[in-house]
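**Q** File follows, target.pdb with PDB, C-alpha atoms and all ligand atoms:
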```pdb
ATOM      1  CA  MET A 158     -49.321-110.123  28.475  1.00  0.00           C
ATOM      2  CA  THR A 159     -46.802-107.911  30.261  1.00  0.00           C
ATOM      3  CA  SER A 160     -43.268-109.162  30.649  1.00  0.00           C
ATOM      4  CA  ASN A 161     -41.686-109.492  34.066  1.00  0.00           C
ATOM      5  CA  LEU A 162     -38.333-108.731  32.545  1.00  0.00           C
ATOM      6  CA  TRP A 163     -36.697-105.338  32.986  1.00  0.00           C
ATOM      7  CA  ASN A 164     -34.883-103.480  30.231  1.00  0.00           C
ATOM      8  CA  LEU A 165     -31.613-102.253  31.615  1.00  0.00           C
ATOM      9  CA  LYS A 166     -28.405-100.774  30.313  1.00  0.00           C
ATOM     10  CA  PHE A 167     -25.145-101.882  31.874  1.00  0.00           C
ATOM     11  CA  LEU A 168     -22.211 -99.476  31.660  1.00  0.00           C
ATOM     12  CA  ILE A 169     -19.225-101.725  32.236  1.00  0.00           C
ATOM     13  CA  SER A 170     -15.684-100.497  32.822  1.00  0.00           C
ATOM     14  CA  ARG A 171     -13.187-101.836  30.297  1.00  0.00           C
ATOM     15  CA  GLN A 172      -9.464-101.552  30.970  1.00  0.00           C
ATOM     16  CA  LYS A 173      -6.446-103.660  30.144  1.00  0.00           C
ATOM     17  CA  GLY A 174      -3.599-103.308  32.666  1.00  0.00           C
ATOM     18  CA  ASP A 175      -2.389 -99.701  32.885  1.00  0.00           C
ATOM     19  CA  GLY A 176      -4.287 -98.741  29.726  1.00  0.00           C
ATOM     20  CA  PRO A 177      -7.071 -96.137  29.645  1.00  0.00           C
ATOM     21  CA  THR A 178     -10.490 -96.878  31.139  1.00  0.00           C
ATOM     22  CA  LYS A 179     -13.567 -96.610  28.983  1.00  0.00           C
ATOM     23  CA  PHE A 180     -17.163 -97.591  29.656  1.00  0.00           C
ATOM     24  CA  GLN A 181     -18.949 -99.907  27.270  1.00  0.00           C
ATOM     25  CA  GLU A 182     -22.732-100.018  27.190  1.00  0.00           C
ATOM     26  CA  PHE A 183     -24.679-103.278  26.968  1.00  0.00           C
ATOM     27  CA  SER A 184     -28.480-103.602  26.830  1.00  0.00           C
ATOM     28  CA  LEU A 185     -30.096-106.533  28.624  1.00  0.00           C
ATOM     29  CA  GLU A 186     -33.581-107.832  29.264  1.00  0.00           C
ATOM     30  CA  ILE A 187     -33.296-109.394  32.685  1.00  0.00           C
ATOM     31  CA  ASP A 188     -35.423-110.696  35.533  1.00  0.00           C
ATOM     32  CA  PRO A 189     -34.975-108.166  38.386  1.00  0.00           C
ATOM     33  CA  ASN A 190     -34.804-111.051  40.852  1.00  0.00           C
ATOM     34  CA  GLU A 191     -31.510-112.087  39.303  1.00  0.00           C
ATOM     35  CA  TYR A 192     -28.179-110.762  40.500  1.00  0.00           C
ATOM     36  CA  VAL A 193     -25.625-108.355  39.085  1.00  0.00           C
ATOM     37  CA  LEU A 194     -23.209-111.247  38.503  1.00  0.00           C
ATOM     38  CA  ASP A 195     -25.894-112.972  36.361  1.00  0.00           C
ATOM     39  CA  ALA A 196     -26.085-109.837  34.209  1.00  0.00           C
ATOM     40  CA  VAL A 197     -22.299-109.633  33.829  1.00  0.00           C
ATOM     41  CA  GLU A 198     -22.160-113.323  32.909  1.00  0.00           C
ATOM     42  CA  ARG A 199     -24.913-112.845  30.340  1.00  0.00           C
ATOM     43  CA  VAL A 200     -23.021-109.955  28.748  1.00  0.00           C
ATOM     44  CA  TRP A 201     -19.960-112.203  28.559  1.00  0.00           C
ATOM     45  CA  ALA A 202     -21.905-115.217  27.236  1.00  0.00           C
ATOM     46  CA  PHE A 203     -24.004-113.499  24.575  1.00  0.00           C
ATOM     47  CA  GLN A 204     -22.464-110.120  23.776  1.00  0.00           C
ATOM     48  CA  ASP A 205     -18.731-109.899  24.448  1.00  0.00           C
ATOM     49  CA  ARG A 206     -16.519-112.883  25.229  1.00  0.00           C
ATOM     50  CA  SER A 207     -13.544-110.598  25.879  1.00  0.00           C
ATOM     51  CA  LEU A 208     -15.074-109.247  29.117  1.00  0.00           C
ATOM     52  CA  VAL A 209     -12.904-110.302  32.085  1.00  0.00           C
ATOM     53  CA  PHE A 210     -14.302-110.726  35.603  1.00  0.00           C
ATOM     54  CA  ARG A 211     -13.834-113.042  38.577  1.00  0.00           C
ATOM     55  CA  HIS A 212     -16.338-115.345  40.213  1.00  0.00           C
ATOM     56  CA  ALA A 213     -16.482-118.864  41.596  1.00  0.00           C
ATOM     57  CA  CYS A 214     -19.008-119.886  44.241  1.00  0.00           C
ATOM     58  CA  HIS A 215     -22.025-117.681  43.378  1.00  0.00           C
ATOM     59  CA  HIS A 216     -23.136-117.643  47.014  1.00  0.00           C
ATOM     60  CA  SER A 217     -20.960-115.175  48.921  1.00  0.00           C
ATOM     61  CA  VAL A 218     -18.321-117.620  50.075  1.00  0.00           C
ATOM     62  CA  CYS A 219     -15.275-117.327  47.823  1.00  0.00           C
ATOM     63  CA  GLY A 220     -14.942-113.519  47.810  1.00  0.00           C
ATOM     64  CA  ALA A 221     -14.003-113.428  44.125  1.00  0.00           C
ATOM     65  CA  CYS A 222     -16.841-111.385  42.639  1.00  0.00           C
ATOM     66  CA  GLY A 223     -16.368-107.997  44.326  1.00  0.00           C
ATOM     67  CA  MET A 224     -17.241-105.061  42.072  1.00  0.00           C
ATOM     68  CA  ARG A 225     -18.452-101.485  42.425  1.00  0.00           C
ATOM     69  CA  VAL A 226     -22.091-101.347  41.437  1.00  0.00           C
ATOM     70  CA  ASN A 227     -23.428 -97.817  40.942  1.00  0.00           C
ATOM     71  CA  GLY A 228     -20.414 -96.605  42.909  1.00  0.00           C
ATOM     72  CA  VAL A 229     -20.798 -98.919  45.913  1.00  0.00           C
ATOM     73  CA  GLU A 230     -18.692-101.977  46.761  1.00  0.00           C
ATOM     74  CA  LYS A 231     -20.769-105.149  46.427  1.00  0.00           C
ATOM     75  CA  LEU A 232     -20.432-108.895  46.130  1.00  0.00           C
ATOM     76  CA  SER A 233     -22.062-109.053  42.723  1.00  0.00           C
ATOM     77  CA  CYS A 234     -23.330-112.630  43.250  1.00  0.00           C
ATOM     78  CA  ILE A 235     -25.655-111.579  46.085  1.00  0.00           C
ATOM     79  CA  THR A 236     -26.604-108.114  44.811  1.00  0.00           C
ATOM     80  CA  ARG A 237     -30.131-108.451  43.521  1.00  0.00           C
ATOM     81  CA  ILE A 238     -30.956-106.257  40.572  1.00  0.00           C
ATOM     82  CA  ARG A 239     -34.275-104.999  41.949  1.00  0.00           C
ATOM     83  CA  ASP A 240     -32.476-103.827  45.104  1.00  0.00           C
ATOM     84  CA  ILE A 241     -30.104-101.467  43.305  1.00  0.00           C
ATOM     85  CA  THR A 242     -32.013-100.062  40.346  1.00  0.00           C
ATOM     86  CA  THR A 243     -35.373 -99.626  38.604  1.00  0.00           C
ATOM     87  CA  ASN A 244     -36.743-100.762  35.245  1.00  0.00           C
ATOM     88  CA  GLY A 245     -35.334 -98.704  32.361  1.00  0.00           C
ATOM     89  CA  SER A 246     -32.296 -97.477  34.314  1.00  0.00           C
ATOM     90  CA  THR A 247     -28.562 -97.757  33.751  1.00  0.00           C
ATOM     91  CA  VAL A 248     -26.339 -99.781  36.090  1.00  0.00           C
ATOM     92  CA  LYS A 249     -22.670 -98.829  36.283  1.00  0.00           C
ATOM     93  CA  VAL A 250     -20.259-101.686  37.027  1.00  0.00           C
ATOM     94  CA  GLU A 251     -16.603-100.994  37.852  1.00  0.00           C
ATOM     95  CA  PRO A 252     -13.671-102.926  39.351  1.00  0.00           C
ATOM     96  CA  LEU A 253     -12.790-102.515  43.026  1.00  0.00           C
ATOM     97  CA  ARG A 254     -10.713 -99.428  43.827  1.00  0.00           C
ATOM     98  CA  ASN A 255      -7.293 -99.377  45.478  1.00  0.00           C
ATOM     99  CA  PHE A 256      -6.113-102.532  43.694  1.00  0.00           C
ATOM    100  CA  PRO A 257      -4.303-102.621  40.326  1.00  0.00           C
ATOM    101  CA  VAL A 258      -6.661-103.578  37.510  1.00  0.00           C
ATOM    102  CA  ILE A 259      -5.589-106.719  35.667  1.00  0.00           C
ATOM    103  CA  SER A 260      -8.345-106.589  33.103  1.00  0.00           C
ATOM    104  CA  ASP A 261     -11.841-105.029  33.063  1.00  0.00           C
ATOM    105  CA  LEU A 262     -13.500-106.048  36.375  1.00  0.00           C
ATOM    106  CA  SER A 263     -10.683-108.242  37.645  1.00  0.00           C
ATOM    107  CA  VAL A 264      -8.106-106.786  40.061  1.00  0.00           C
ATOM    108  CA  ASP A 265      -4.814-107.964  41.552  1.00  0.00           C
ATOM    109  CA  MET A 266      -5.303-108.667  45.272  1.00  0.00           C
ATOM    110  CA  GLY A 267      -1.742-109.870  45.843  1.00  0.00           C
ATOM    111  CA  ALA A 268      -0.844-106.986  48.170  1.00  0.00           C
ATOM    112  CA  MET A 269      -3.842-107.708  50.431  1.00  0.00           C
ATOM    113  CA  TYR A 270      -2.964-111.417  50.643  1.00  0.00           C
ATOM    114  CA  ALA A 271       0.673-110.556  51.493  1.00  0.00           C
ATOM    115  CA  ARG A 272      -0.440-108.138  54.215  1.00  0.00           C
ATOM    116  CA  LEU A 273      -2.814-110.708  55.702  1.00  0.00           C
ATOM    117  CA  GLU A 274       0.122-113.096  55.820  1.00  0.00           C
ATOM    118  CA  SER A 275       2.406-110.467  57.385  1.00  0.00           C
ATOM    119  CA  VAL A 276       0.089-110.110  60.404  1.00  0.00           C
ATOM    120  CA  GLY A 277      -0.171-113.851  60.939  1.00  0.00           C
ATOM    121  CA  ALA A 278      -3.267-114.753  58.865  1.00  0.00           C
ATOM    122  CA  LYS A 279      -1.450-117.443  56.953  1.00  0.00           C
ATOM    123  CA  GLN A 280      -2.395-118.113  53.378  1.00  0.00           C
ATOM    124  CA  ILE A 281      -2.270-121.672  52.130  1.00  0.00           C
ATOM    125  CA  LEU A 282       0.278-121.203  49.418  1.00  0.00           C
ATOM    126  CA  SER A 283       0.578-124.573  47.812  1.00  0.00           C
ATOM    127  CA  LEU A 284      -1.738-127.412  46.949  1.00  0.00           C
ATOM    128  CA  SER A 285       1.122-129.701  47.942  1.00  0.00           C
ATOM    129  CA  ILE A 286       0.470-128.754  51.580  1.00  0.00           C
ATOM    130  CA  ALA A 287      -1.508-131.523  53.229  1.00  0.00           C
ATOM    131  CA  PRO A 288      -5.125-130.802  54.172  1.00  0.00           C
ATOM    132  CA  VAL A 289      -5.269-128.819  57.396  1.00  0.00           C
ATOM    133  CA  SER A 290      -5.982-131.039  60.366  1.00  0.00           C
ATOM    134  CA  GLU A 291      -5.230-130.931  64.042  1.00  0.00           C
ATOM    135  CA  ASP A 292      -2.984-134.014  63.586  1.00  0.00           C
ATOM    136  CA  VAL A 293      -0.797-132.371  60.973  1.00  0.00           C
ATOM    137  CA  TYR A 294      -0.843-128.840  62.342  1.00  0.00           C
ATOM    138  CA  PRO A 295      -1.602-129.041  66.085  1.00  0.00           C
ATOM    139  CA  ALA A 296      -3.364-126.020  67.519  1.00  0.00           C
ATOM    140  CA  LYS A 297      -1.222-123.635  69.554  1.00  0.00           C
ATOM    141  CA  ASN A 298      -3.076-121.891  72.388  1.00  0.00           C
ATOM    142  CA  GLY A 299      -6.327-123.118  70.849  1.00  0.00           C
ATOM    143  CA  LYS A 300      -5.535-121.691  67.406  1.00  0.00           C
ATOM    144  CA  SER A 301      -4.526-123.670  64.350  1.00  0.00           C
ATOM    145  CA  GLU A 302      -1.400-122.484  62.576  1.00  0.00           C
ATOM    146  CA  PHE A 303      -3.670-121.925  59.599  1.00  0.00           C
ATOM    147  CA  SER A 304      -6.476-120.149  61.411  1.00  0.00           C
ATOM    148  CA  ARG A 305      -7.875-117.331  59.313  1.00  0.00           C
ATOM    149  CA  LEU A 306      -9.781-114.176  60.134  1.00  0.00           C
ATOM    150  CA  VAL A 307     -13.158-115.556  61.192  1.00  0.00           C
ATOM    151  CA  ASP A 308     -15.828-114.917  58.571  1.00  0.00           C
ATOM    152  CA  CYS A 309     -13.533-112.852  56.327  1.00  0.00           C
ATOM    153  CA  ILE A 310     -13.852-114.084  52.752  1.00  0.00           C
ATOM    154  CA  GLU A 311     -10.943-111.881  51.585  1.00  0.00           C
ATOM    155  CA  CYS A 312     -13.144-110.102  49.066  1.00  0.00           C
ATOM    156  CA  GLY A 313     -11.304-106.762  49.336  1.00  0.00           C
ATOM    157  CA  LEU A 314     -14.509-104.680  49.495  1.00  0.00           C
ATOM    158  CA  CYS A 315     -13.310-103.000  52.695  1.00  0.00           C
ATOM    159  CA  ILE A 316     -10.040-101.919  51.082  1.00  0.00           C
ATOM    160  CA  SER A 317     -11.834-100.592  48.004  1.00  0.00           C
ATOM    161  CA  ALA A 318     -14.167 -98.499  50.178  1.00  0.00           C
ATOM    162  CA  CYS A 319     -11.432 -97.212  52.511  1.00  0.00           C
ATOM    163  CA  PRO A 320     -10.621 -93.500  51.998  1.00  0.00           C
ATOM    164  CA  VAL A 321      -7.172 -93.959  53.563  1.00  0.00           C
ATOM    165  CA  ALA A 322      -6.254 -96.841  51.244  1.00  0.00           C
ATOM    166  CA  ALA A 323      -7.259 -94.550  48.373  1.00  0.00           C
ATOM    167  CA  THR A 324      -4.544 -92.047  49.272  1.00  0.00           C
ATOM    168  CA  ASP A 325      -1.874 -94.249  50.875  1.00  0.00           C
ATOM    169  CA  ALA A 326      -0.817 -97.395  49.006  1.00  0.00           C
ATOM    170  CA  ASP A 327       1.317 -98.516  51.972  1.00  0.00           C
ATOM    171  CA  TYR A 328      -1.531 -98.546  54.518  1.00  0.00           C
ATOM    172  CA  LEU A 329      -1.982-102.087  55.888  1.00  0.00           C
ATOM    173  CA  GLY A 330      -5.732-101.776  55.364  1.00  0.00           C
ATOM    174  CA  PRO A 331      -8.905-102.917  57.121  1.00  0.00           C
ATOM    175  CA  ALA A 332      -8.870-106.690  56.501  1.00  0.00           C
ATOM    176  CA  PRO A 333      -5.216-107.225  57.559  1.00  0.00           C
ATOM    177  CA  LEU A 334      -5.663-105.034  60.670  1.00  0.00           C
ATOM    178  CA  ALA A 335      -8.862-106.911  61.527  1.00  0.00           C
ATOM    179  CA  ALA A 336      -6.929-110.178  61.174  1.00  0.00           C
ATOM    180  CA  ALA A 337      -4.245-108.871  63.551  1.00  0.00           C
ATOM    181  CA  GLN A 338      -6.966-107.946  66.069  1.00  0.00           C
ATOM    182  CA  LEU A 339      -8.456-111.416  65.884  1.00  0.00           C
ATOM    183  CA  ASN A 340      -5.157-113.203  66.330  1.00  0.00           C
ATOM    184  CA  GLY A 341      -4.210-110.954  69.249  1.00  0.00           C
ATOM    185  CA  LEU A 342      -0.852-109.305  69.705  1.00  0.00           C
ATOM    186  CA  ALA A 343       0.247-111.321  72.712  1.00  0.00           C
ATOM    187  CA  ASP A 344       0.430-114.590  70.762  1.00  0.00           C
ATOM    188  CA  ASN A 345       2.161-113.084  67.760  1.00  0.00           C
ATOM    189  CA  PRO A 346       5.803-112.345  67.056  1.00  0.00           C
ATOM    190  CA  LYS A 347       7.093-108.854  67.901  1.00  0.00           C
ATOM    191  CA  THR A 348       7.152-108.042  64.188  1.00  0.00           C
ATOM    192  CA  VAL A 349       3.345-108.044  64.091  1.00  0.00           C
ATOM    193  CA  LEU A 350       3.224-105.438  66.870  1.00  0.00           C
ATOM    194  CA  GLU A 351       5.802-103.376  64.974  1.00  0.00           C
ATOM    195  CA  LEU A 352       3.724-103.615  61.798  1.00  0.00           C
ATOM    196  CA  VAL A 353       0.429-102.588  63.321  1.00  0.00           C
ATOM    197  CA  ASP A 354       1.852-100.019  65.797  1.00  0.00           C
ATOM    198  CA  SER A 355       3.212 -97.863  63.004  1.00  0.00           C
ATOM    199  CA  ALA A 356       2.407 -94.920  60.738  1.00  0.00           C
ATOM    200  CA  GLU A 357       0.998 -97.323  58.123  1.00  0.00           C
ATOM    201  CA  GLY A 358      -0.769 -99.456  60.695  1.00  0.00           C
ATOM    202  CA  VAL A 359      -3.475 -98.981  63.253  1.00  0.00           C
ATOM    203  CA  TRP A 360      -2.873 -95.244  63.734  1.00  0.00           C
ATOM    204  CA  ARG A 361      -3.411 -94.450  60.032  1.00  0.00           C
ATOM    205  CA  CYS A 362      -7.125 -95.304  60.178  1.00  0.00           C
ATOM    206  CA  HIS A 363      -9.384 -92.213  60.165  1.00  0.00           C
ATOM    207  CA  SER A 364     -12.368 -94.088  61.633  1.00  0.00           C
ATOM    208  CA  ALA A 365     -14.476 -93.500  58.513  1.00  0.00           C
ATOM    209  CA  TYR A 366     -16.185 -96.875  59.065  1.00  0.00           C
ATOM    210  CA  GLU A 367     -16.662 -97.252  55.289  1.00  0.00           C
ATOM    211  CA  CYS A 368     -15.058-100.713  55.557  1.00  0.00           C
ATOM    212  CA  THR A 369     -17.664-101.902  58.039  1.00  0.00           C
ATOM    213  CA  ALA A 370     -20.477-100.427  55.926  1.00  0.00           C
ATOM    214  CA  VAL A 371     -19.561-102.498  52.850  1.00  0.00           C
ATOM    215  CA  CYS A 372     -18.284-105.718  54.475  1.00  0.00           C
ATOM    216  CA  PRO A 373     -20.632-108.509  53.328  1.00  0.00           C
ATOM    217  CA  SER A 374     -19.547-110.831  56.100  1.00  0.00           C
ATOM    218  CA  ASN A 375     -20.116-108.763  59.250  1.00  0.00           C
ATOM    219  CA  VAL A 376     -16.420-108.845  60.125  1.00  0.00           C
ATOM    220  CA  GLN A 377     -16.713-105.239  61.371  1.00  0.00           C
ATOM    221  CA  PRO A 378     -13.158-104.283  60.471  1.00  0.00           C
ATOM    222  CA  ALA A 379     -13.493-100.715  61.781  1.00  0.00           C
ATOM    223  CA  TRP A 380     -14.542-101.908  65.245  1.00  0.00           C
ATOM    224  CA  ARG A 381     -11.655-104.406  65.185  1.00  0.00           C
ATOM    225  CA  ILE A 382      -9.174-101.631  64.299  1.00  0.00           C
ATOM    226  CA  MET A 383     -10.396 -99.556  67.260  1.00  0.00           C
ATOM    227  CA  ASP A 384     -10.042-102.601  69.520  1.00  0.00           C
ATOM    228  CA  LEU A 385      -6.573-103.295  68.121  1.00  0.00           C
ATOM    229  CA  ARG A 386      -5.534 -99.794  69.192  1.00  0.00           C
ATOM    230  CA  LYS A 387      -6.406-100.768  72.765  1.00  0.00           C
ATOM    231  CA  GLN A 388      -4.378-103.965  72.393  1.00  0.00           C
ATOM    232  CA  VAL A 389      -1.407-101.963  71.065  1.00  0.00           C
ATOM    233  CA  ILE A 390      -1.498 -99.551  74.011  1.00  0.00           C
ATOM    234  CA  GLY A 391      -1.804-102.467  76.446  1.00  0.00           C
ATOM    235  CA  GLN A 392       1.153-104.197  74.822  1.00  0.00           C
ATOM    236  CA  ARG A 393       3.223-100.982  74.985  1.00  0.00           C
ATOM    237  CA  ILE A 394       2.514-100.706  78.733  1.00  0.00           C
ATOM    238  CA  LYS A 395       3.463-104.361  79.239  1.00  0.00           C
ATOM    239  CA  ASN A 396       6.662-103.845  77.249  1.00  0.00           C
ATOM    240  CA  PHE A 397       7.468-100.722  79.317  1.00  0.00           C
ATOM    241  CA  PHE A 398       7.231-102.734  82.524  1.00  0.00           C
ATOM    242  CA  GLY A 399       9.203-105.560  80.934  1.00  0.00           C
ATOM    243  CA  LYS A 400       6.318-108.074  80.854  1.00  0.00           C
TER     244      LYS A 400
HETATM  245  S1  LIG A 501     -13.143-107.720  56.239  1.00  0.00           S
HETATM  246 FE1  LIG A 501     -15.139-107.943  55.145  1.00  0.00          FE
HETATM  247  S2  LIG A 501     -14.948-106.583  53.359  1.00  0.00           S
HETATM  248 FE2  LIG A 501     -12.862-106.902  54.155  1.00  0.00          FE
HETATM  249  S3  LIG A 501     -12.000-108.595  52.974  1.00  0.00           S
HETATM  250 FE3  LIG A 501     -12.930-109.497  54.846  1.00  0.00          FE
HETATM  251  S4  LIG A 501     -15.075-110.017  54.278  1.00  0.00           S
HETATM  252 FE4  LIG A 501     -14.280-108.644  52.673  1.00  0.00          FE
HETATM  253  S1  LIG A 502     -18.862-115.612  43.447  1.00  0.00           S
HETATM  254 FE1  LIG A 502     -18.044-116.277  45.357  1.00  0.00          FE
HETATM  255  S2  LIG A 502     -18.479-114.609  46.695  1.00  0.00           S
HETATM  256 FE2  LIG A 502     -19.492-114.063  44.846  1.00  0.00          FE
END
```
Taking this structure as input, can you express it in the form of C-alpha cells?
Ligand code: SF4
Ligand code: FES
**A**
Amino acid sequence: MTSNLWNLKFLISRQKGDGPTKFQEFSLEIDPNEYVLDAVERVWAFQDRSLVFRHACHHSVCGACGMRVNGVEKLSCITRIRDITTNGSTVKVEPLRNFPVISDLSVDMGAMYARLESVGAKQILSLSIAPVSEDVYPAKNGKSEFSRLVDCIECGLCISACPVAATDADYLGPAPLAAAQLNGLADNPKTVLELVDSAEGVWRCHSAYECTAVCPSNVQPAWRIMDLRKQVIGQRIKNFFGK
C-alpha cells in the first residue's frame, strides 16, 4: 500500500536576538494537505522543543503566524504544503524581514504597532480598558474611537515584503499608511497629515506593490497608499486656501 504522506525536509532559521543565523534541517513525514504551521508545530513537539514561533488562531485571524516560506511572506496557518512544494523537496522557513528577530521565527512587531497608533489606528493597550461598545466609546463621525484598519490582521507580511522598508527603518510602512488612508486625513489631527506627508511617509513608497501581493487579507495597501497621496494633495490645497 502506498503512503499518502510526503517526505520533506524543513530548513528552519534559528537565531537568538542579535546572534548569528543558522539553518537547522528537520525531516518530516507529513500529509501534503496539512499546513506549514502544522509542520513547524510537529518539529517543535517531536524534535526540538527549543524552537520559537508565534501562532494563536490557526485560521488567518490573529496575524501571529507570519513567516517566509521558500522566500515568500505567508500566513503559515493557511499555507497548504501541497501548494508550495513537491514530495521529496526541501522547504525553507524564515522569520519575517524588516523586524528585529526575538528568537527563531518570532519577530518584534512593536514598531509597526506604534506606527499604526501614530496614524490614528488605536491599539487596545490594556485589558483593564472596558470592552469596546458604542455606549462607552461613542462613535465620532460614524467611526468608533477604537476603529481599526478594516480587514487588516496586523500580520506584518506587507512590511516584510516591502523593498523600501528593507532599506529605510524609519519608513512608516504599508499597513500604517493604509490605516491612515482608511481613517481619512480630514478627521485626523494635523500631526497625522504631517506624518504621512513627509519623506518617511506616503512619498517614500516606490509603488512596488509587493505589499499588496502578499497581503492575506485583501487590504490592498499599495492602492491605499496611492489614494492617500491624492488625499494629501487635496488637504494641502485646502490648507493653502485656509479651509
Ligand atoms: S495590510 Fe495586509 S499584509 Fe499588511 S499587516 Fe495588514 S493584513 Fe497584514
Ligand atoms: S495562527 Fe492566527 S493568523 Fe495564523
**Q** Here is a test: counting all atoms listed in the file, which residue of A:Ile390, A:Cys222, A:Val250, A:Val349 is nearest to ligand LIG 501 (chain A)?
**A**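 Of all the options, A:Cys222 lies closest to ligand LIG 501 (chain A).
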**Q** For chain A against ligand LIG 502 (chain A), with a cut-off of 8 Å and counting all atoms listed in the file, what is the closest atom pair and its distance in Å to one decimal for every residue that makes the cut, ordered by chain and number, as JSON lines?
**A**
```
{"residue": "A:Leu194", "atom": "CA", "partner": "A:LIG502", "partner_atom": "FE2", "distance": 7.9}
{"residue": "A:Arg211", "atom": "CA", "partner": "A:LIG502", "partner_atom": "S1", "distance": 7.5}
{"residue": "A:His212", "atom": "CA", "partner": "A:LIG502", "partner_atom": "S1", "distance": 4.1}
{"residue": "A:Ala213", "atom": "CA", "partner": "A:LIG502", "partner_atom": "S1", "distance": 4.4}
{"residue": "A:Cys214", "atom": "CA", "partner": "A:LIG502", "partner_atom": "FE1", "distance": 3.9}
{"residue": "A:His215", "atom": "CA", "partner": "A:LIG502", "partner_atom": "S1", "distance": 3.8}
{"residue": "A:His216", "atom": "CA", "partner": "A:LIG502", "partner_atom": "FE1", "distance": 5.5}
{"residue": "A:Ser217", "atom": "CA", "partner": "A:LIG502", "partner_atom": "S2", "distance": 3.4}
{"residue": "A:Val218", "atom": "CA", "partner": "A:LIG502", "partner_atom": "S2", "distance": 4.5}
{"residue": "A:Cys219", "atom": "CA", "partner": "A:LIG502", "partner_atom": "FE1", "distance": 3.9}
{"residue": "A:Gly220", "atom": "CA", "partner": "A:LIG502", "partner_atom": "S2", "distance": 3.9}
{"residue": "A:Ala221", "atom": "CA", "partner": "A:LIG502", "partner_atom": "FE1", "distance": 5.1}
{"residue": "A:Cys222", "atom": "CA", "partner": "A:LIG502", "partner_atom": "FE2", "distance": 4.4}
{"residue": "A:Gly223", "atom": "CA", "partner": "A:LIG502", "partner_atom": "FE2", "distance": 6.8}
{"residue": "A:Leu232", "atom": "CA", "partner": "A:LIG502", "partner_atom": "FE2", "distance": 5.4}
{"residue": "A:Ser233", "atom": "CA", "partner": "A:LIG502", "partner_atom": "FE2", "distance": 6.0}
{"residue": "A:Cys234", "atom": "CA", "partner": "A:LIG502", "partner_atom": "FE2", "distance": 4.4}
{"residue": "A:Ile235", "atom": "CA", "partner": "A:LIG502", "partner_atom": "FE2", "distance": 6.8}
{"residue": "A:Ile310", "atom": "CA", "partner": "A:LIG502", "partner_atom": "S2", "distance": 7.6}
{"residue": "A:Cys312", "atom": "CA", "partner": "A:LIG502", "partner_atom": "S2", "distance": 7.4}
```
**Q** Show me as an MDAnalysis selection string the residues that reach within 8 Å of (-6.7, -101.7, 30.2), counting only C-alpha atoms and using the file's own coordinates.
**A** chainID A and resid 171:178 258:261
**Q** Give the residues close to ligand LIG 501 (chain A), within 12 Å, counting only C-alpha atoms and all ligand atoms; write them as an NGL selection string.
**A** :A and (217-224 or 230-232 or 253 or 266 or 269-270 or 272-273 or 278 or 305-319 or 330-339 or 366-382)
**Q** If the PyMOL selection byres (((chain A and resi 358-363) around 7) and not hetatm) is run on the structure shown, which residues does it catch, given as an MDAnalysis selection string?
**A** chainID A and resid 321 328:329 334 352:357 364:365 382 386
**Q** For atom CA of Trp163 of chain A and atom CA of Pro189 of chain A, quote the distance in Å rounded to one decimal.
**A** 6.3 Å
**Q** What does the distance from atom CA of Glu186 of chain A to atom CA of Thr236 of chain A come to in Å, to one decimal?
**A**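 One can read the atom CA of Glu186 of chain A to atom CA of Thr236 of chain A distance as 17.0 Å.
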**Q** Quick one: which residues end up in the PyMOL selection byres (((chain A and resi 161) around 10) and not hetatm) for this structure, as a list of chain:residue names?
**A**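 On the file shown, the PyMOL selection byres (((chain A and resi 161) around 10) and not hetatm) covers A:Met158, A:Thr159, A:Ser160, A:Leu162, A:Trp163, A:Asn164, A:Glu186, A:Ile187, A:Asp188, A:Pro189, A:Asn190.
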**Q** Between atom CA of Val264 of chain A and atom CA of Ser184 of chain A, what is the spacing in Å?
**A**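 Answer for the atom CA of Ser184 of chain A to atom CA of Val264 of chain A separation: 24.5 Å.
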**Q** Which residues come within 9 Å of Ser246 of chain A, counting only C-alpha atoms, excluding same-chain residues fewer than 5 positions away, as an mmCIF file with C-alpha atoms, keeping the file's coordinate frame?
**A**
```cif
data_model
loop_
_atom_site.group_PDB
_atom_site.id
_atom_site.type_symbol
_atom_site.label_atom_id
_atom_site.label_comp_id
_atom_site.auth_asym_id
_atom_site.auth_seq_id
_atom_site.Cartn_x
_atom_site.Cartn_y
_atom_site.Cartn_z
ATOM 1 C CA ASN A 164 -34.883 -103.480 30.231
ATOM 2 C CA LEU A 165 -31.613 -102.253 31.615
ATOM 3 C CA LYS A 166 -28.405 -100.774 30.313
ATOM 4 C CA PHE A 167 -25.145 -101.882 31.874
#
```
**Q** Which residues are close to Gly391 of chain A, i.e. within 12 Å by only C-alpha atoms, leaving aside same-chain residues fewer than 4 positions away? Reply as a list in words.
**A** Gly341, Leu342, Ala343, Leu350, Asp354, Asp384, Leu385, Arg386, Lys387, Lys395, Asn396, Phe397, Phe398 and Lys400 of chain A
